[in-house]
>>> print(open('target.txt').read())   # compact mmCIF, C-alpha atoms
# COMPACT_ATOMS: atom_id res chain seq x y z
CA MET A 262 0.00 0.00 0.00
CA ARG A 263 1.36 3.42 -0.96
CA PRO A 264 1.31 6.28 1.53
CA PRO A 265 -1.42 8.90 1.03
CA ASN A 266 -0.01 11.96 -0.76
CA GLY A 267 3.51 10.71 0.01
CA LEU A 268 3.26 12.02 3.57
CA VAL A 269 3.79 8.74 5.38
CA ALA A 270 7.35 7.66 4.84
CA THR A 271 7.52 4.19 6.37
CA THR A 272 5.68 1.00 7.16
CA SER A 273 6.41 -1.45 9.97
CA TYR A 274 8.24 -4.62 8.96
CA ARG A 275 8.92 -7.75 11.02
CA CYS A 276 10.51 -10.31 8.69
CA VAL A 277 14.16 -9.26 8.66
CA ASN A 278 16.70 -11.92 9.62
CA LYS A 279 19.78 -9.71 9.59
CA PHE A 280 21.37 -6.53 8.34
CA THR A 281 24.54 -6.81 6.31
CA ASN A 282 25.33 -3.18 7.16
CA ASP A 283 24.87 -3.16 10.93
CA PRO A 284 27.25 -0.67 12.55
CA PHE A 285 25.33 -0.71 15.86
CA GLY A 286 25.06 -4.47 16.52
CA TYR A 287 21.27 -4.19 16.35
CA THR A 288 19.11 -7.32 16.48
CA PRO A 289 16.25 -6.96 13.97
CA HIS A 290 12.74 -7.33 15.37
CA GLU A 291 10.52 -4.41 14.34
CA GLU A 292 11.80 -2.03 11.70
CA GLN A 293 10.37 0.43 9.24
CA TYR A 294 10.95 0.15 5.54
CA ILE A 295 10.94 3.11 3.21
CA THR A 296 7.91 3.58 1.00
CA ASN A 297 8.22 7.26 0.13
CA PRO A 298 10.35 7.93 -2.96
CA HIS A 299 11.19 11.41 -1.64
CA ASP A 300 13.11 10.04 1.38
CA ILE A 301 16.84 10.71 1.32
CA ILE A 302 18.69 7.62 2.55
CA LEU A 303 21.38 8.41 5.09
CA LEU A 304 22.34 4.86 6.11
CA ASN A 305 20.98 1.74 4.41
CA TYR A 306 21.12 -1.27 6.75
CA ASN A 307 20.87 -3.72 3.79
CA ALA A 308 18.17 -5.94 5.27
CA SER A 309 17.92 -9.59 4.31
CA SER A 310 15.20 -12.15 4.93
CA SER A 311 14.86 -15.91 4.60
CA ASN A 312 11.25 -15.39 3.50
CA SER A 313 11.35 -15.70 -0.30
CA ILE A 314 8.38 -13.39 -0.88
CA ILE A 315 9.89 -10.67 1.33
CA SER A 316 13.30 -11.14 -0.30
CA ARG A 317 11.83 -10.51 -3.74
CA LEU A 318 10.29 -7.24 -2.50
CA LYS A 319 13.77 -6.03 -1.46
CA PRO A 320 12.59 -3.66 1.27
CA VAL A 321 14.91 -0.79 2.12
CA ILE A 322 15.35 -0.33 5.85
CA ALA A 323 17.47 2.71 6.50
CA SER A 324 18.01 5.91 8.42
CA TYR A 325 16.55 8.61 6.24
CA GLU A 326 15.72 12.27 5.91
CA LEU A 327 12.49 13.70 4.60
CA ASN A 328 11.94 17.38 3.90
CA TYR A 329 8.46 18.25 5.08
CA GLN A 330 6.88 21.67 4.76
CA ARG A 331 9.39 24.08 6.37
CA GLY A 332 11.46 21.49 8.20
CA ARG A 333 13.10 18.08 8.12
CA THR A 334 12.34 14.75 9.66
CA ILE A 335 15.11 12.29 10.41
CA ALA A 336 14.03 8.72 11.11
CA LEU A 337 16.29 5.87 12.11
CA GLY A 338 14.25 3.01 10.63
CA ILE A 339 15.12 0.73 13.56
CA TYR A 340 13.83 0.48 17.10
CA SER A 341 16.20 3.02 18.61
CA GLU A 342 15.35 2.24 22.23
CA ASP A 343 17.41 -0.94 21.78
CA ILE A 344 20.56 0.99 20.86
CA ILE A 345 20.20 4.33 22.64
CA SER A 346 23.06 3.48 25.02
CA ASN A 347 25.31 2.13 22.25
CA GLY A 348 28.41 4.32 21.83
CA ARG A 349 28.58 3.79 18.05
CA PHE A 350 24.95 4.85 17.73
CA ASP A 351 25.60 7.92 19.91
CA ARG A 352 28.46 8.99 17.64
CA TYR A 353 26.30 8.45 14.53
CA LEU A 354 23.44 10.50 15.98
CA ASP A 355 25.84 13.23 17.11
CA SER A 356 27.37 13.42 13.61
CA LEU A 357 23.88 13.75 12.06
CA LEU A 358 22.89 16.49 14.48
CA LEU A 359 26.17 18.33 13.90
CA GLN A 360 25.67 18.15 10.12
CA TYR A 361 22.24 19.70 10.38
CA ASP A 362 23.34 22.31 12.91
CA ILE A 363 26.02 23.50 10.49
CA LYS A 364 23.50 23.68 7.60
CA ILE A 365 21.08 25.71 9.71
CA ARG A 366 23.72 28.24 10.76
CA ASP A 367 25.17 28.78 7.27
>>> encode(input="target.txt", output="structure tokens")
Amino acid sequence: MRPPNGLVATTSYRCVNKFTNDPFGYTPHEEQYITNPHDIILLNYNASSSNSIISRLKPVIASYELNYQRGRTIALGIYSEDIISNGRFDRYLDSLLLQYDIKIRD
């Protein structure tokens, strides 16, 4: 199902076995896959599934940015409560926030 007017960017997804790009050591269990073609992918986790139907769909689970009205939304695509105390995740989030802080001040 496509999002109405492209405003909803993601849909919940529970069939991922692993991420081949997993810098945070995250265990997949409830992620969001990108459905909005206007999302800007910041970090693709390269999800894989043993379910053949899901594998053919090739869902993109990623951290992404979406420009919306006069602002931006940044979504992580994964259940961030599981990694909030992870040092690698903290550095990633800090680098994102610093990037956007610099763009705002320029």
>>> closest_residue(input="target.txt", among="A:Ser341, A:Thr334, A:Ser346, A:Ser309", to="Tyr361 in chain A", atoms="only C-alpha atoms")
A:Thr334
>>> closest_residue(input="target.txt", among="A:Lys319, A:Leu354, A:Gln330, A:Gly348", to="Ile295 in chain A", atoms="all atoms listed in the file")
A:Lys319
>>> residues_around(input="target.txt", residues="range 321-327 of chain A", least_positions_apart="2", cutoff="8 Å", atoms="all atoms listed in the file", output="ChimeraX atom specification")
/A:270,292-295,299-308,319,329,333-339
>>> axis_aligned_box(input="target.txt", around="range 357-362 of chain A", padding_each_side="6 Å", output="JSON")
{"center_x": 24.2, "center_y": 18.0, "center_z": 12.3, "size_x": 15.9, "size_y": 20.6, "size_z": 16.4}
>>> residues_around(input="target.txt", residues="Tyr287 in chain A", least_positions_apart="2", cutoff="10 Å", atoms="only C-alpha atoms", output="ChimeraX atom specification")
/A:279-280,283-285,289-290,339-341,343-344,347,350
>>> atom_distance(input="target.txt", atom1="CA of Ser310 in chain A", atom2="CA of Glu342 in chain A")
22.5 Å
>>> atom_distance(input="target.txt", atom1="CA of Asn328 in chain A", atom2="CA of Asp355 in chain A")
19.6 Å
>>> atom_distance(input="target.txt", atom1="CA of Cys276 in chain A", atom2="CA of Ser311 in chain A")
8.2 Å
>>> closest_residue(input="target.txt", among="A:Thr296, A:Thr288, A:Thr281, A:Ser356", to="Pro320 in chain A", atoms="all atoms listed in the file")
A:Thr296
